[in-house]
file protein_5.txt (compact mmCIF, C-alpha atoms)
# COMPACT_ATOMS: atom_id res chain seq x y z
CA MET A 1 -44.68 254.57 26.28
CA THR A 2 -47.41 251.92 26.71
CA PRO A 3 -50.85 253.59 26.81
CA THR A 4 -53.09 253.09 29.82
CA ILE A 5 -56.28 251.24 28.84
CA ALA A 6 -59.45 251.40 30.93
CA VAL A 7 -62.16 248.77 30.55
CA THR A 8 -65.76 249.22 31.66
CA GLY A 9 -68.25 246.38 32.00
CA SER A 10 -65.66 243.88 33.26
CA THR A 11 -68.28 242.23 35.49
CA GLY A 12 -70.30 241.45 32.34
CA ALA A 13 -69.77 239.08 29.43
CA VAL A 14 -68.22 241.39 26.82
CA GLY A 15 -66.19 243.64 29.11
CA GLY A 16 -64.98 240.64 31.08
CA ALA A 17 -63.86 238.87 27.92
CA VAL A 18 -62.05 241.97 26.69
CA ALA A 19 -60.25 242.38 30.02
CA ALA A 20 -59.19 238.72 29.95
CA LEU A 21 -57.89 238.97 26.38
CA LEU A 22 -55.87 242.08 27.19
CA ALA A 23 -54.48 240.45 30.31
CA ASP A 24 -53.47 237.35 28.34
CA SER A 25 -51.48 239.59 26.01
CA GLY A 26 -49.69 241.18 28.97
CA THR A 27 -51.38 244.56 28.52
CA PRO A 28 -51.83 246.49 31.80
CA ILE A 29 -55.42 247.68 32.27
CA ARG A 30 -57.61 249.60 34.67
CA LEU A 31 -61.02 248.08 35.44
CA LEU A 32 -63.77 250.64 36.02
CA VAL A 33 -66.56 249.14 38.11
CA ARG A 34 -69.54 250.34 40.11
CA ASP A 35 -68.86 247.84 42.91
CA VAL A 36 -65.18 247.20 43.65
CA GLY A 37 -66.12 244.03 45.49
CA ARG A 38 -67.45 242.50 42.25
CA ALA A 39 -64.39 243.30 40.14
CA PRO A 40 -62.88 240.21 38.49
CA VAL A 41 -59.38 239.13 39.41
CA ILE A 42 -57.38 239.98 36.28
CA PRO A 43 -53.56 239.90 36.08
CA ASN A 44 -51.89 243.25 35.33
CA SER A 45 -54.99 245.18 36.32
CA ALA A 46 -55.92 247.94 38.74
CA VAL A 47 -59.47 248.69 39.87
CA ALA A 48 -61.26 252.05 40.12
CA GLN A 49 -64.83 252.76 41.19
CA CYS A 50 -67.26 254.91 39.20
CA SER A 51 -70.65 254.89 37.53
CA TYR A 52 -71.69 256.56 34.29
CA ASP A 53 -73.99 259.03 36.01
CA ASP A 54 -71.34 260.22 38.50
CA ALA A 55 -69.16 262.76 36.69
CA ASP A 56 -66.77 263.41 39.59
CA ALA A 57 -66.08 259.74 40.34
CA SER A 58 -65.69 259.04 36.62
CA MET A 59 -63.15 261.84 36.21
CA ARG A 60 -61.13 260.51 39.15
CA ALA A 61 -61.24 256.97 37.79
CA LEU A 62 -60.23 258.08 34.28
CA ARG A 63 -57.29 260.34 35.13
CA GLY A 64 -54.18 259.01 33.46
CA VAL A 65 -56.17 256.82 31.04
CA ASP A 66 -55.30 257.08 27.35
CA VAL A 67 -57.70 254.60 25.75
CA LEU A 68 -61.18 253.78 27.08
CA PHE A 69 -63.32 250.75 26.28
CA MET A 70 -66.86 251.94 26.96
CA VAL A 71 -69.51 249.23 27.11
CA SER A 72 -72.98 250.68 26.68
CA GLY A 73 -74.83 251.06 29.96
CA ALA A 74 -77.73 248.96 31.20
CA GLU A 75 -81.00 249.60 29.38
CA SER A 76 -82.93 252.35 31.12
CA ALA A 77 -84.92 255.49 30.42
CA THR A 78 -81.91 257.57 31.50
CA ARG A 79 -79.15 255.65 29.70
CA LEU A 80 -78.42 258.30 27.07
CA GLY A 81 -77.96 261.01 29.69
CA GLU A 82 -75.65 258.72 31.67
CA HIS A 83 -73.60 258.03 28.55
CA ARG A 84 -73.22 261.73 27.86
CA THR A 85 -72.12 262.41 31.44
CA PHE A 86 -69.50 259.68 31.26
CA VAL A 87 -68.20 260.78 27.85
CA ASP A 88 -67.84 264.35 29.10
CA ALA A 89 -65.97 263.07 32.15
CA ALA A 90 -63.62 261.06 29.92
CA ALA A 91 -62.83 264.09 27.79
CA ALA A 92 -62.25 266.25 30.87
CA ALA A 93 -59.96 263.59 32.39
CA GLY A 94 -57.72 263.61 29.31
CA VAL A 95 -58.76 260.35 27.62
CA THR A 96 -57.60 260.47 23.99
CA HIS A 97 -59.49 257.56 22.39
CA VAL A 98 -62.87 255.94 23.11
CA VAL A 99 -63.88 252.51 21.81
CA TYR A 100 -67.65 252.28 22.25
CA THR A 101 -69.96 249.27 21.89
CA SER A 102 -72.74 250.68 19.75
CA PHE A 103 -75.43 248.88 17.76
CA PHE A 104 -75.69 247.66 14.18
CA GLY A 105 -77.67 250.20 12.18
CA ALA A 106 -77.60 252.85 14.90
CA ALA A 107 -79.68 255.76 13.61
CA PRO A 108 -82.01 258.45 14.96
CA ASP A 109 -84.98 256.68 13.35
CA ALA A 110 -83.89 253.04 13.81
CA THR A 111 -86.76 250.59 14.22
CA PHE A 112 -85.09 249.08 17.30
CA THR A 113 -85.76 251.89 19.74
CA LEU A 114 -82.59 251.41 21.80
CA ALA A 115 -80.45 251.79 18.67
CA ARG A 116 -81.43 255.46 18.74
CA ASP A 117 -79.63 255.89 22.09
CA HIS A 118 -76.54 254.39 20.50
CA PHE A 119 -76.68 256.82 17.58
CA HIS A 120 -76.90 259.84 19.88
CA THR A 121 -74.09 258.45 22.05
CA GLU A 122 -71.91 258.09 18.95
CA GLN A 123 -72.69 261.70 18.04
CA HIS A 124 -71.71 262.87 21.52
CA VAL A 125 -68.44 260.94 21.46
CA ALA A 126 -67.61 262.28 17.99
CA ALA A 127 -68.27 265.85 19.15
CA SER A 128 -66.09 265.44 22.25
CA GLY A 129 -62.79 265.89 20.44
CA MET A 130 -61.55 262.45 21.46
CA ASP A 131 -60.52 259.91 18.83
CA HIS A 132 -63.07 257.14 18.62
CA THR A 133 -63.91 253.73 17.22
CA PHE A 134 -67.48 252.42 17.19
CA LEU A 135 -68.18 248.70 17.39
CA ARG A 136 -71.70 248.34 16.02
CA ASP A 137 -72.76 244.93 17.32
CA ASN A 138 -75.84 243.18 16.00
CA PHE A 139 -77.97 241.21 18.47
CA TYR A 140 -75.90 238.68 20.41
CA ALA A 141 -76.15 235.06 19.29
CA ASP A 142 -75.36 233.99 22.87
CA VAL A 143 -78.68 235.20 24.29
CA MET A 144 -81.13 234.01 21.65
CA GLU A 145 -82.00 230.75 23.38
CA HIS A 146 -83.13 232.77 26.40
CA PHE A 147 -85.80 234.42 24.24
CA ALA A 148 -87.79 231.17 24.35
CA GLY A 149 -90.49 230.89 26.98
CA GLU A 150 -90.88 227.96 29.36
CA ASP A 151 -92.90 226.25 26.64
CA GLY A 152 -89.97 226.49 24.20
CA VAL A 153 -91.65 229.12 22.01
CA ILE A 154 -89.93 232.33 20.88
CA ARG A 155 -92.68 234.92 20.37
CA GLY A 156 -92.40 238.21 18.52
CA PRO A 157 -93.46 240.10 15.37
CA ALA A 158 -90.35 239.29 13.31
CA GLY A 159 -92.12 237.81 10.28
CA ASP A 160 -89.71 236.31 7.77
CA GLY A 161 -87.07 238.95 8.49
CA ARG A 162 -83.47 237.94 9.00
CA VAL A 163 -80.80 238.91 11.51
CA SER A 164 -77.02 238.49 11.31
CA LEU A 165 -76.40 237.58 14.96
CA VAL A 166 -72.90 238.10 16.36
CA ALA A 167 -71.05 236.17 19.07
CA ARG A 168 -70.01 238.15 22.13
CA ALA A 169 -66.62 236.42 21.88
CA ASP A 170 -66.14 237.89 18.41
CA VAL A 171 -67.02 241.37 19.64
CA ALA A 172 -64.46 240.97 22.43
CA ARG A 173 -61.77 239.82 20.00
CA VAL A 174 -62.36 242.84 17.78
CA ALA A 175 -62.28 245.17 20.78
CA ALA A 176 -58.99 243.72 22.04
CA VAL A 177 -57.34 244.27 18.64
CA VAL A 178 -58.60 247.86 18.44
CA LEU A 179 -57.62 248.72 22.01
CA THR A 180 -54.02 247.56 21.56
CA ASP A 181 -53.56 249.57 18.34
CA PRO A 182 -56.14 252.36 18.56
CA ALA A 183 -54.43 254.74 16.12
CA SER A 184 -54.97 252.25 13.28
CA HIS A 185 -58.72 252.27 13.94
CA ALA A 186 -59.34 255.95 14.75
CA GLY A 187 -62.50 257.33 13.19
CA ARG A 188 -63.70 253.88 12.11
CA SER A 189 -67.07 252.21 12.66
CA TYR A 190 -67.18 248.43 12.42
CA ASP A 191 -70.38 246.51 11.78
CA LEU A 192 -70.01 243.33 13.82
CA THR A 193 -72.16 240.43 12.65
CA GLY A 194 -71.98 236.70 12.27
CA PRO A 195 -71.38 235.03 8.87
CA GLU A 196 -75.07 234.29 8.22
CA ALA A 197 -78.47 235.98 8.34
CA LEU A 198 -81.15 233.80 9.89
CA SER A 199 -84.91 234.09 10.22
CA MET A 200 -86.29 233.62 13.71
CA ALA A 201 -87.73 230.28 12.60
CA GLU A 202 -84.19 229.24 11.63
CA VAL A 203 -82.84 230.56 14.93
CA ALA A 204 -85.35 228.41 16.79
CA ALA A 205 -84.48 225.38 14.65
CA ALA A 206 -80.75 225.83 15.35
CA ILE A 207 -81.35 226.03 19.10
CA ALA A 208 -83.56 222.95 18.97
CA GLU A 209 -80.94 221.01 17.00
CA VAL A 210 -78.01 221.86 19.27
CA ARG A 211 -79.87 221.65 22.59
CA GLY A 212 -81.89 218.59 21.66
CA ARG A 213 -85.22 220.03 22.79
CA ALA A 214 -88.31 221.47 21.11
CA VAL A 215 -87.91 225.18 20.28
CA THR A 216 -90.19 226.97 17.81
CA PHE A 217 -90.98 230.49 16.68
CA HIS A 218 -94.43 232.08 16.79
CA ASP A 219 -94.83 235.20 14.66
CA GLU A 220 -97.00 237.53 16.75
CA THR A 221 -98.96 240.51 15.52
CA LEU A 222 -98.07 243.84 17.11
CA ASP A 223 -101.18 243.70 19.28
CA GLU A 224 -100.32 240.16 20.38
CA ALA A 225 -96.74 241.19 21.16
CA TYR A 226 -97.76 244.00 23.50
CA ALA A 227 -100.50 241.89 25.08
CA SER A 228 -98.19 238.93 25.78
CA ARG A 229 -95.71 241.21 27.54
CA ALA A 230 -98.27 243.14 29.59
CA ARG A 231 -97.97 240.67 32.49
CA TRP A 232 -94.52 242.07 33.34
CA ASN A 233 -95.99 245.54 33.94
CA VAL A 234 -92.89 247.41 32.77
CA PRO A 235 -92.65 251.03 31.55
CA ASP A 236 -93.66 251.84 27.96
CA TRP A 237 -90.06 252.39 26.84
CA GLN A 238 -89.14 248.85 27.91
CA ASN A 239 -92.12 247.28 26.14
CA ASP A 240 -91.28 249.27 23.01
CA ALA A 241 -87.69 248.03 23.18
CA TRP A 242 -88.76 244.41 23.60
CA VAL A 243 -91.24 244.51 20.74
CA SER A 244 -88.98 246.50 18.43
CA THR A 245 -86.31 243.82 18.83
CA TYR A 246 -88.56 241.76 16.57
CA THR A 247 -89.97 244.50 14.33
CA ALA A 248 -86.39 245.57 13.58
CA ILE A 249 -85.71 242.04 12.34
CA ALA A 250 -88.92 242.10 10.30
CA SER A 251 -87.89 245.42 8.72
CA GLY A 252 -84.73 243.96 7.19
CA GLU A 253 -82.53 246.54 8.93
CA LEU A 254 -80.53 243.84 10.73
CA SER A 255 -80.04 241.34 7.91
CA ARG A 256 -76.83 242.51 6.27
CA VAL A 257 -73.78 240.31 6.82
CA SER A 258 -70.51 242.16 7.42
CA GLU A 259 -66.98 240.78 7.22
CA ASP A 260 -65.61 243.31 9.72
CA VAL A 261 -64.95 240.67 12.42
CA GLU A 262 -62.67 238.75 10.07
CA ARG A 263 -61.24 241.95 8.59
CA VAL A 264 -60.10 243.19 12.01
CA THR A 265 -59.12 239.91 13.68
CA GLY A 266 -58.14 237.71 10.76
CA ARG A 267 -60.58 235.01 11.87
CA ARG A 268 -64.09 234.23 10.61
CA ALA A 269 -67.00 235.14 12.84
CA MET A 270 -68.82 232.32 14.62
CA THR A 271 -72.18 230.94 13.50
CA LEU A 272 -75.12 230.60 15.88
CA ARG A 273 -74.62 226.83 16.05
CA GLU A 274 -70.94 227.29 16.91
CA VAL A 275 -71.85 229.72 19.69
CA LEU A 276 -74.41 227.31 21.11
CA ARG A 277 -71.99 224.39 21.00
CA ALA A 278 -69.30 226.43 22.71
CA GLY A 279 -71.66 227.63 25.45

call {"tool": "encode", "arguments": {"input": "protein_5.txt", "output": "structure tokens"}}
result
Amino acid sequence: MTPTIAVTGSTGAVGGAVAALLADSGTPIRLLVRDVGRAPVIPNSAVAQCSYDDADASMRALRGVDVLFMVSGAESATRLGEHRTFVDAAAAAGVTHVVYTSFFGAAPDATFTLARDHFHTEQHVAASGMDHTFLRDNFYADVMEHFAGEDGVIRGPAGDGRVSLVARADVARVAAVVLTDPASHAGRSYDLTGPEALSMAEVAAAIAEVRGRAVTFHDETLDEAYASRARWNVPDWQNDAWVSTYTAIASGELSRVSEDVERVTGRRAMTLREVLRAG
């Protein structure tokens, strides 16, 4: 019998790409969305409404689902609690396998503060009794050009550290393979990176080359990094997350290049320049 696959995050880039890939293969799916009116039109799909913090709605939406693609929730101070609520609802609804978009180097003491949420989410999924596969994505290559200010300068305390950026399309391709044959990937964690590790100066140079405009990197001190972000007047956890994006790169924790994208999909991961040219 064909398993029922549920996809979260289908209104976003990764979840939407996964849903489209599954639909192209003829796989029937259930799209779990917070707002039914925003659900994409996907062939062979049904739509159910829920949010991660609503256990009852999540249980109703997940009944009859065998395999769940769980995109990590929006960054917030309460995200970990919402993840735990949703995972518990999935287990109670009878889901047998969870494929979760985690983070490269997820650990309780990771320099990137939000990677700690991912570690604890992984732990909660693993303790749930459901089979699981963790897709540990590095920072997305697709969004790096948006880190530049209006003056074309990317600012942050990254030093000469390197980061093995991954394309969202590659993450989606890996997810689609895992979701259609989950038993072959049960208990596995995949480190999803691009084929190169770049410094932020090299990232800026690649963006400048492909876009044909001036883009540079300014290596801030920690004090400068917090001061330059103070104008947004956001909570401390958000400032810490923004700044630790760069300090995590400086630490070397995000520099390792993995071949897991090619190992799972049979196709090499995209470089930053390839992502920019495709975008």

call {"tool": "closest_residue", "arguments": {"input": "protein_5.txt", "among": "A:His118, A:Arg213, A:Arg34, A:Arg277", "to": "Ser102 in chain A", "atoms": "all atoms listed in the file"}}
result
A:His118

call {"tool": "residues_near_point", "arguments": {"input": "protein_5.txt", "point": "(-74.9, 255.4, 37.0)", "cutoff": "10 Å", "atoms": "all atoms listed in the file", "output": "tab-separated table (two decimals) with C-alpha atoms, in the frame of the given file"}}
result
chain	number	residue	atom	x	y	z
A	34	ARG	CA	-69.54	250.34	40.11
A	50	CYS	CA	-67.26	254.91	39.20
A	51	SER	CA	-70.65	254.89	37.53
A	52	TYR	CA	-71.69	256.56	34.29
A	53	ASP	CA	-73.99	259.03	36.01
A	54	ASP	CA	-71.34	260.22	38.50
A	55	ALA	CA	-69.16	262.76	36.69
A	58	SER	CA	-65.69	259.04	36.62
A	73	GLY	CA	-74.83	251.06	29.96
A	74	ALA	CA	-77.73	248.96	31.20
A	78	THR	CA	-81.91	257.57	31.50
A	79	ARG	CA	-79.15	255.65	29.70
A	81	GLY	CA	-77.96	261.01	29.69
A	82	GLU	CA	-75.65	258.72	31.67
A	83	HIS	CA	-73.60	258.03	28.55
A	85	THR	CA	-72.12	262.41	31.44
A	86	PHE	CA	-69.50	259.68	31.26

call {"tool": "closest_residue", "arguments": {"input": "protein_5.txt", "among": "A:Asp66, A:Glu75, A:Asp142, A:Asp151", "to": "Met130 in chain A", "atoms": "only C-alpha atoms"}}
result
A:Asp66

call {"tool": "atom_distance", "arguments": {"input": "protein_5.txt", "atom1": "CA of Ala6 in chain A", "atom2": "CA of Leu68 in chain A"}}
result
4.8 Å

call {"tool": "closest_residue", "arguments": {"input": "protein_5.txt", "among": "A:Val257, A:Val65, A:Ala230, A:Val215", "to": "Glu202 in chain A", "atoms": "all atoms listed in the file"}}
result
A:Val215

call {"tool": "residues_near_point", "arguments": {"input": "protein_5.txt", "point": "(-68.0, 238.0, 11.2)", "cutoff": "10 Å", "atoms": "only C-alpha atoms", "output": "JSON, numbers by chain"}}
result
{"A": [164, 165, 166, 167, 170, 171, 174, 191, 192, 193, 194, 195, 196, 257, 258, 259, 260, 261, 262, 263, 264, 265, 266, 267, 268, 269, 270, 271]}

call {"tool": "residues_around", "arguments": {"input": "protein_5.txt", "residues": "Val98 in chain A", "least_positions_apart": "4", "cutoff": "8 Å", "atoms": "all atoms listed in the file", "output": "list of chain:residue names"}}
result
A:Val67, A:Leu68, A:Phe69, A:Met70, A:Val125, A:Met130, A:Asp131, A:His132, A:Thr133

call {"tool": "write_last_selection", "arguments": {"input": "protein_5.txt", "atoms": "C-alpha atoms", "output": "PDB file, in the frame of the given file"}}
result
ATOM      1  CA  VAL A  67     -57.700 254.600  25.750  1.00  0.00           C
ATOM      2  CA  LEU A  68     -61.180 253.780  27.080  1.00  0.00           C
ATOM      3  CA  PHE A  69     -63.320 250.750  26.280  1.00  0.00           C
ATOM      4  CA  MET A  70     -66.860 251.940  26.960  1.00  0.00           C
ATOM      5  CA  VAL A 125     -68.440 260.940  21.460  1.00  0.00           C
ATOM      6  CA  MET A 130     -61.550 262.450  21.460  1.00  0.00           C
ATOM      7  CA  ASP A 131     -60.520 259.910  18.830  1.00  0.00           C
ATOM      8  CA  HIS A 132     -63.070 257.140  18.620  1.00  0.00           C
ATOM      9  CA  THR A 133     -63.910 253.730  17.220  1.00  0.00           C
TER      10      THR A 133
END

call {"tool": "closest_residue", "arguments": {"input": "protein_5.txt", "among": "A:Arg38, A:His124, A:Arg162, A:His146", "to": "Leu254 in chain A", "atoms": "all atoms listed in the file"}}
result
A:Arg162

call {"tool": "closest_residue", "arguments": {"input": "protein_5.txt", "among": "A:Asp240, A:Asp109, A:Asp223, A:Glu274", "to": "Glu209 in chain A", "atoms": "only C-alpha atoms"}}
result
A:Glu274

call {"tool": "residues_around", "arguments": {"input": "protein_5.txt", "residues": "Ser244 in chain A", "least_positions_apart": "6", "cutoff": "10 Å", "atoms": "only C-alpha atoms", "output": "ChimeraX atom specification"}}
result
/A:110-114,156-158,222,225,238,250-251

call {"tool": "closest_residue", "arguments": {"input": "protein_5.txt", "among": "A:Ile154, A:Ser228, A:Leu276, A:Ala175", "to": "Ile5 in chain A", "atoms": "all atoms listed in the file"}}
result
A:Ala175

call {"tool": "atom_distance", "arguments": {"input": "protein_5.txt", "atom1": "CA of Arg63 in chain A", "atom2": "CA of Ala176 in chain A"}}
result
21.2 Å

call {"tool": "atom_distance", "arguments": {"input": "protein_5.txt", "atom1": "CA of Ser255 in chain A", "atom2": "CA of Asn138 in chain A"}}
result
9.3 Å

call {"tool": "decode", "arguments": {"input": "protein_5.txt", "residues": "range 213-236 of chain A", "atoms": "N, CA, C and O atoms", "output": "PDB file, in the first residue's frame"}}
result
ATOM      1  N   ARG A 213      27.254  43.846  -9.732  1.00  0.00           N
ATOM      2  CA  ARG A 213      27.193  45.058  -8.911  1.00  0.00           C
ATOM      3  C   ARG A 213      28.200  44.916  -7.772  1.00  0.00           C
ATOM      4  O   ARG A 213      28.677  43.820  -7.475  1.00  0.00           O
ATOM      5  N   ALA A 214      28.513  46.018  -7.138  1.00  0.00           N
ATOM      6  CA  ALA A 214      29.508  46.019  -6.066  1.00  0.00           C
ATOM      7  C   ALA A 214      28.923  45.389  -4.798  1.00  0.00           C
ATOM      8  O   ALA A 214      27.910  45.863  -4.275  1.00  0.00           O
ATOM      9  N   VAL A 215      29.540  44.317  -4.326  1.00  0.00           N
ATOM     10  CA  VAL A 215      29.176  43.682  -3.063  1.00  0.00           C
ATOM     11  C   VAL A 215      30.472  43.348  -2.344  1.00  0.00           C
ATOM     12  O   VAL A 215      31.370  42.724  -2.931  1.00  0.00           O
ATOM     13  N   THR A 216      30.594  43.758  -1.096  1.00  0.00           N
ATOM     14  CA  THR A 216      31.809  43.503  -0.315  1.00  0.00           C
ATOM     15  C   THR A 216      31.444  42.992   1.072  1.00  0.00           C
ATOM     16  O   THR A 216      30.271  43.047   1.479  1.00  0.00           O
ATOM     17  N   PHE A 217      32.446  42.503   1.774  1.00  0.00           N
ATOM     18  CA  PHE A 217      32.247  42.017   3.141  1.00  0.00           C
ATOM     19  C   PHE A 217      33.055  42.860   4.110  1.00  0.00           C
ATOM     20  O   PHE A 217      34.240  43.119   3.882  1.00  0.00           O
ATOM     21  N   HIS A 218      32.411  43.301   5.186  1.00  0.00           N
ATOM     22  CA  HIS A 218      33.079  44.015   6.269  1.00  0.00           C
ATOM     23  C   HIS A 218      33.053  43.146   7.511  1.00  0.00           C
ATOM     24  O   HIS A 218      31.980  42.784   8.002  1.00  0.00           O
ATOM     25  N   ASP A 219      34.233  42.804   8.016  1.00  0.00           N
ATOM     26  CA  ASP A 219      34.356  41.951   9.192  1.00  0.00           C
ATOM     27  C   ASP A 219      34.198  42.799  10.459  1.00  0.00           C
ATOM     28  O   ASP A 219      35.122  43.494  10.873  1.00  0.00           O
ATOM     29  N   GLU A 220      33.019  42.755  11.051  1.00  0.00           N
ATOM     30  CA  GLU A 220      32.748  43.531  12.257  1.00  0.00           C
ATOM     31  C   GLU A 220      33.369  42.881  13.492  1.00  0.00           C
ATOM     32  O   GLU A 220      33.569  41.660  13.543  1.00  0.00           O
ATOM     33  N   THR A 221      33.601  43.674  14.509  1.00  0.00           N
ATOM     34  CA  THR A 221      33.864  43.142  15.842  1.00  0.00           C
ATOM     35  C   THR A 221      32.516  42.768  16.453  1.00  0.00           C
ATOM     36  O   THR A 221      31.447  43.151  15.943  1.00  0.00           O
ATOM     37  N   LEU A 222      32.543  42.037  17.561  1.00  0.00           N
ATOM     38  CA  LEU A 222      31.287  41.697  18.224  1.00  0.00           C
ATOM     39  C   LEU A 222      30.524  42.946  18.643  1.00  0.00           C
ATOM     40  O   LEU A 222      29.299  43.038  18.458  1.00  0.00           O
ATOM     41  N   ASP A 223      31.240  43.912  19.226  1.00  0.00           N
ATOM     42  CA  ASP A 223      30.573  45.141  19.653  1.00  0.00           C
ATOM     43  C   ASP A 223      29.956  45.862  18.467  1.00  0.00           C
ATOM     44  O   ASP A 223      28.822  46.368  18.549  1.00  0.00           O
ATOM     45  N   GLU A 224      30.681  45.917  17.348  1.00  0.00           N
ATOM     46  CA  GLU A 224      30.142  46.563  16.150  1.00  0.00           C
ATOM     47  C   GLU A 224      28.906  45.828  15.639  1.00  0.00           C
ATOM     48  O   GLU A 224      27.937  46.458  15.182  1.00  0.00           O
ATOM     49  N   ALA A 225      28.935  44.496  15.706  1.00  0.00           N
ATOM     50  CA  ALA A 225      27.822  43.702  15.190  1.00  0.00           C
ATOM     51  C   ALA A 225      26.541  43.976  15.967  1.00  0.00           C
ATOM     52  O   ALA A 225      25.462  44.156  15.381  1.00  0.00           O
ATOM     53  N   TYR A 226      26.643  44.022  17.289  1.00  0.00           N
ATOM     54  CA  TYR A 226      25.441  44.301  18.083  1.00  0.00           C
ATOM     55  C   TYR A 226      24.991  45.744  17.909  1.00  0.00           C
ATOM     56  O   TYR A 226      23.786  46.028  17.835  1.00  0.00           O
ATOM     57  N   ALA A 227      25.954  46.657  17.799  1.00  0.00           N
ATOM     58  CA  ALA A 227      25.603  48.074  17.639  1.00  0.00           C
ATOM     59  C   ALA A 227      24.921  48.329  16.298  1.00  0.00           C
ATOM     60  O   ALA A 227      23.949  49.099  16.213  1.00  0.00           O
ATOM     61  N   SER A 228      25.401  47.687  15.235  1.00  0.00           N
ATOM     62  CA  SER A 228      24.829  47.939  13.905  1.00  0.00           C
ATOM     63  C   SER A 228      23.440  47.351  13.758  1.00  0.00           C
ATOM     64  O   SER A 228      22.691  47.739  12.850  1.00  0.00           O
ATOM     65  N   ARG A 229      23.079  46.436  14.629  1.00  0.00           N
ATOM     66  CA  ARG A 229      21.745  45.813  14.568  1.00  0.00           C
ATOM     67  C   ARG A 229      20.777  46.395  15.588  1.00  0.00           C
ATOM     68  O   ARG A 229      19.588  46.055  15.589  1.00  0.00           O
ATOM     69  N   ALA A 230      21.270  47.288  16.430  1.00  0.00           N
ATOM     70  CA  ALA A 230      20.425  47.850  17.493  1.00  0.00           C
ATOM     71  C   ALA A 230      19.259  48.650  16.939  1.00  0.00           C
ATOM     72  O   ALA A 230      18.201  48.748  17.577  1.00  0.00           O
ATOM     73  N   ARG A 231      19.405  49.196  15.727  1.00  0.00           N
ATOM     74  CA  ARG A 231      18.344  50.047  15.160  1.00  0.00           C
ATOM     75  C   ARG A 231      17.055  49.285  14.898  1.00  0.00           C
ATOM     76  O   ARG A 231      15.986  49.892  14.750  1.00  0.00           O
ATOM     77  N   TRP A 232      17.136  47.943  14.826  1.00  0.00           N
ATOM     78  CA  TRP A 232      15.919  47.157  14.588  1.00  0.00           C
ATOM     79  C   TRP A 232      15.145  46.878  15.877  1.00  0.00           C
ATOM     80  O   TRP A 232      14.015  46.406  15.817  1.00  0.00           O
ATOM     81  N   ASN A 233      15.771  47.120  17.008  1.00  0.00           N
ATOM     82  CA  ASN A 233      15.085  47.010  18.305  1.00  0.00           C
ATOM     83  C   ASN A 233      14.341  45.677  18.466  1.00  0.00           C
ATOM     84  O   ASN A 233      13.146  45.637  18.761  1.00  0.00           O
ATOM     85  N   VAL A 234      15.065  44.588  18.240  1.00  0.00           N
ATOM     86  CA  VAL A 234      14.476  43.254  18.356  1.00  0.00           C
ATOM     87  C   VAL A 234      14.882  42.626  19.694  1.00  0.00           C
ATOM     88  O   VAL A 234      15.805  43.098  20.358  1.00  0.00           O
ATOM     89  N   PRO A 235      14.219  41.543  20.106  1.00  0.00           N
ATOM     90  CA  PRO A 235      14.579  40.885  21.366  1.00  0.00           C
ATOM     91  C   PRO A 235      16.015  40.353  21.340  1.00  0.00           C
ATOM     92  O   PRO A 235      16.588  40.112  20.275  1.00  0.00           O
ATOM     93  N   ASP A 236      16.564  40.130  22.528  1.00  0.00           N
ATOM     94  CA  ASP A 236      17.955  39.668  22.641  1.00  0.00           C
ATOM     95  C   ASP A 236      18.190  38.362  21.893  1.00  0.00           C
ATOM     96  O   ASP A 236      19.228  38.189  21.254  1.00  0.00           O
TER      97      ASP A 236
END
